[in-house]
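Read the structure below first, then the notes.
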Amino acid sequence: MKIFLPGNVKQFAVLLFLLLIGLGCAAPRSSQPDQASVNLLARHATVKLIRGEASETEVDKTRIVNAVVDDSIQLDDTGQGELRFLDRIVVGLHQATEVHLAEARQEPDESVSMNLYQDLGNTHVQLSEQPNTWVTLRTEYVTVTNLEQGADFIICHKPEVITCGVVLKGVVAFVAEGKREIAKQGEAIYVKPGQAPSPPICIQEADVMDWLQKVQSSEPVKGLGAIVAAWPQEPCPTTTQATATTEAANLPSPENMVRIEAGVYTIGHPQADDFHVAQQQTQLSQYWIDQYEVTNGRYQKFMDDSGHQAPTVWPGHEDHPVRGVTWDDASAYCTWAKKRLPTEAEWEAAARGPGSDPRLYPWGNDPQADGQVFELPLDGTHAVGSFAFNQSPFGVYDLAGNVWEWVGEPYVSIPEGMRVLRGGRFGLIWDAAYRQIAEPDHERFVPLAGFRCAADRVEGE
């Protein structure tokens, strides 16, 4: 290939300028998800936007500003504000509230997600019905995530006292201390520091509407957490046949799933390091987990039904695990299947088994499984469930040596925006306590990443 360089530098500069105009100064479009800006509005008084250590902006009702990742928003006792992302996510901010915008993404497949850290106060989250619209909201001791599109819920947080959630529409998950509780429309959950979430209780809707009306008008009103904690600790009645039918329709089939009984499980490693947490015990509610990793065949059905984009490694053998999926791809599939990603603690418990001294590998404590590990392919995946030795005490297959598996809520904190992979992949066997922290779309891990799903309940329960 010959490269022409004009002798006259000025001529070369002009030539380069004309070339850029002809190309429209275009750069290749990245296939990575966009970190987008979020509109911040003030509804009453002023809202303070803090960017970095030195930049502080007062926002009043006369203008809209853009909040970006790592911005913090603060409201005084009379403040009212709103974060709006692509008209698909609206987060109302009410009185003496402080939040940190950790993430706002629009993926190439048009899915939208927002990640907020709520230091203090009250937020009202309203999501559009458009598919793949997700919000994760964290306080210092609980993580809240919508499980359905179109969700509408209010979260209160008073540090060192209580986090509360009231669900006005949809289904929302609350995770704290390794335990997960689900609240649906008409239910509330509260969490106290160092405790698991309360079971869902039935809301007093008139109290919520009265509180919301007063707080939006900046009238003095008792804290939402105090109101929720004062309600009778009773579940909502579910006596109608219509309710039972609706709930059953939203449950997955138990086919090819394994039930893990409630109990105390040991997780972590006796020797903590950068890839292992210290050994500890965690209380888990009963749950179900896929016996096999999600296969290419199953993922094809998901794509046909939802229009979701193909993985980066595609196509593949029908009975081999799908690979080349981001964390968001995995989460979207599980939602489509009426399931969810297993929490990190659930994944490890299913891999290692019960007891105070569980197996370190799914098959036992011998890393080589008496030589059987050497039968696993080194340079590619294998059909799920095809190696009898590669199963856990619960009969869950291929939790090591096939593909990395994305999991949901981590059991100890990780950096904002990061996710956890478990299990290793072909040619790389790790123990079942090994945890790999990675970006949800990391180009190194995605080509080797797959997943399986979990559920709290299944049909027939």
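Chain labels run A, B, ... following the order of the structure tokens; each chain numbers its residues from 1, and ligands are numbered from 1 in the order shown.
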Item to complete: as a PyMOL selection string, please: all residues of region 253-388 of chain A that backbone DSSP puts in helix (DSSP H, G or I).
Response: chain A and resi 296-306+327-336+344-352+369-375
Excluding region 117-132 of chain A and any residue of its chain fewer than 6 positions from it, enumerate the residues within 8 Å of it, using only C-alpha atoms, and give them as a tab-separated table (two decimals) with C-alpha atoms, in the first residue's frame.
chain	number	residue	atom	x	y	z
A	87	ASP	CA	-39.66	9.87	29.02
A	88	ARG	CA	-39.41	6.21	30.08
A	89	ILE	CA	-38.17	6.71	33.64
A	90	VAL	CA	-39.45	9.50	35.90
A	91	VAL	CA	-38.13	9.80	39.46
A	92	GLY	CA	-39.85	12.35	41.67
A	93	LEU	CA	-37.73	13.81	44.48
A	94	HIS	CA	-39.60	15.02	47.54
A	95	GLN	CA	-38.38	17.12	50.49
A	96	ALA	CA	-34.98	16.75	52.18
A	97	THR	CA	-33.78	14.19	49.65
A	98	GLU	CA	-30.27	13.34	48.49
A	99	VAL	CA	-29.61	10.97	45.58
A	100	HIS	CA	-26.56	10.03	43.51
A	101	LEU	CA	-26.92	9.17	39.81
A	102	ALA	CA	-24.73	6.08	39.40
A	110	GLU	CA	-33.32	0.20	23.01
A	111	SER	CA	-33.43	-1.10	26.58
A	138	ARG	CA	-29.90	1.37	46.43
A	139	THR	CA	-29.78	2.69	49.96
A	140	GLU	CA	-27.09	1.85	52.50
A	149	GLN	CA	-42.64	-2.80	33.11
A	150	GLY	CA	-44.85	0.12	34.06
A	151	ALA	CA	-44.03	-0.15	37.77
A	152	ASP	CA	-44.92	2.74	40.09
A	153	PHE	CA	-43.42	2.77	43.59
A	154	ILE	CA	-42.25	5.11	46.37
A	155	ILE	CA	-39.04	4.57	48.34
A	156	CYS	CA	-38.22	6.34	51.61
A	157	HIS	CA	-34.86	6.22	53.37
A	158	LYS	CA	-33.78	7.58	56.72
A	159	PRO	CA	-30.19	6.57	57.47
A	332	ALA	CA	-34.04	-9.64	29.91
Long-range neighbours of region 172-187 of chain A as a tab-separated table (two decimals) with C-alpha atoms, in the first residue's frame, 8 Å cut-off, only C-alpha atoms, 3 positions minimum in chain:
chain	number	residue	atom	x	y	z
A	141	TYR	CA	-28.68	-1.50	53.35
A	142	VAL	CA	-31.20	-2.51	50.66
A	143	THR	CA	-31.43	-2.78	46.87
A	144	VAL	CA	-34.76	-2.20	45.09
A	145	THR	CA	-35.46	-3.26	41.49
A	146	ASN	CA	-38.60	-3.32	39.35
A	147	LEU	CA	-39.57	-6.76	38.03
A	148	GLU	CA	-42.28	-5.58	35.63
A	151	ALA	CA	-44.03	-0.15	37.77
A	166	VAL	CA	-44.80	1.25	48.76
A	167	VAL	CA	-45.83	-0.33	45.45
A	168	LEU	CA	-48.67	1.44	43.66
A	169	LYS	CA	-48.37	-0.59	40.46
A	191	VAL	CA	-36.11	-2.75	55.96
A	194	GLY	CA	-28.76	-5.10	59.47
A	195	GLN	CA	-32.06	-6.93	58.97
A	196	ALA	CA	-33.73	-8.80	56.13
A	197	PRO	CA	-36.72	-7.12	54.45
A	198	SER	CA	-40.04	-7.45	56.22
A	199	PRO	CA	-42.66	-9.68	54.60
A	200	PRO	CA	-45.00	-7.63	52.39
A	201	ILE	CA	-47.86	-5.96	54.23
A	202	CYS	CA	-51.07	-4.48	52.88
A	203	ILE	CA	-50.91	-0.72	52.34
A	205	GLU	CA	-53.90	3.50	50.19
A	235	PRO	CA	-50.73	-9.44	54.09
A	236	CYS	CA	-53.27	-8.25	51.56
A	282	THR	CA	-26.53	-16.60	55.10
A	283	GLN	CA	-30.24	-17.28	55.51
A	284	LEU	CA	-32.04	-18.04	52.25
A	285	SER	CA	-35.74	-18.40	51.57
A	345	ALA	CA	-25.74	-16.33	47.42
A	409	GLU	CA	-27.65	-9.27	43.55
A	411	TYR	CA	-23.77	-10.89	48.55
Item to complete: State, in Å with one decimal place, the distance from CA of Gly385 (chain A) to CA of Gln309 (chain A).
Response: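 Calculated distance between CA of Gly385 (chain A) and CA of Gln309 (chain A) is 26.3 Å.
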Practice prompt. Tell me which protein, DNA and RNA residues are within 10 Å of Val325 (chain A), counting only C-alpha atoms, leaving out same-chain ones fewer than 2 positions away, and put them as a PyMOL selection string.
Written response: chain A and resi 309-313+322-323+327-331+405-406+440-441+445-451
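Closest approach to Pro377 (chain A) from the set A:Leu428, A:Val59, A:Val458, A:Ile414 is made by A:Leu428, with distances taken over only C-alpha atoms.
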Using only C-alpha atoms, what does the table of region 345-377 of chain A residues within 9 Å of region 389-397 of chain A look like, with each row giving the shortest atom pair and its distance in Å to one decimal, sorted by chain and ascending number, as a Markdown table?
| residue | atom | partner | partner_atom | distance |
| --- | --- | --- | --- | --- |
| A:Ala350 | CA | A:Phe394 | CA | 6.6 |
| A:Ala351 | CA | A:Ser392 | CA | 5.2 |
| A:Arg352 | CA | A:Ser392 | CA | 6.2 |
| A:Gly353 | CA | A:Pro393 | CA | 5.4 |
| A:Pro354 | CA | A:Pro393 | CA | 8.2 |
| A:Arg359 | CA | A:Pro393 | CA | 8.6 |
| A:Tyr361 | CA | A:Ser392 | CA | 8.0 |
| A:Pro362 | CA | A:Ser392 | CA | 4.2 |
| A:Trp363 | CA | A:Ser392 | CA | 5.7 |
| A:Gly364 | CA | A:Ser392 | CA | 8.2 |
| A:Ala369 | CA | A:Phe389 | CA | 7.8 |
| A:Gln372 | CA | A:Phe389 | CA | 7.5 |
| A:Val373 | CA | A:Asn390 | CA | 8.4 |
Discussion item. Calculated over only C-alpha atoms, which of the candidates A:Ala188, A:Val171, A:Val38, A:Ala383 has the smallest distance to Leu116 (chain A)?
Written reply: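 The shortest atom-to-atom distance to Leu116 (chain A) comes from A:Val38.
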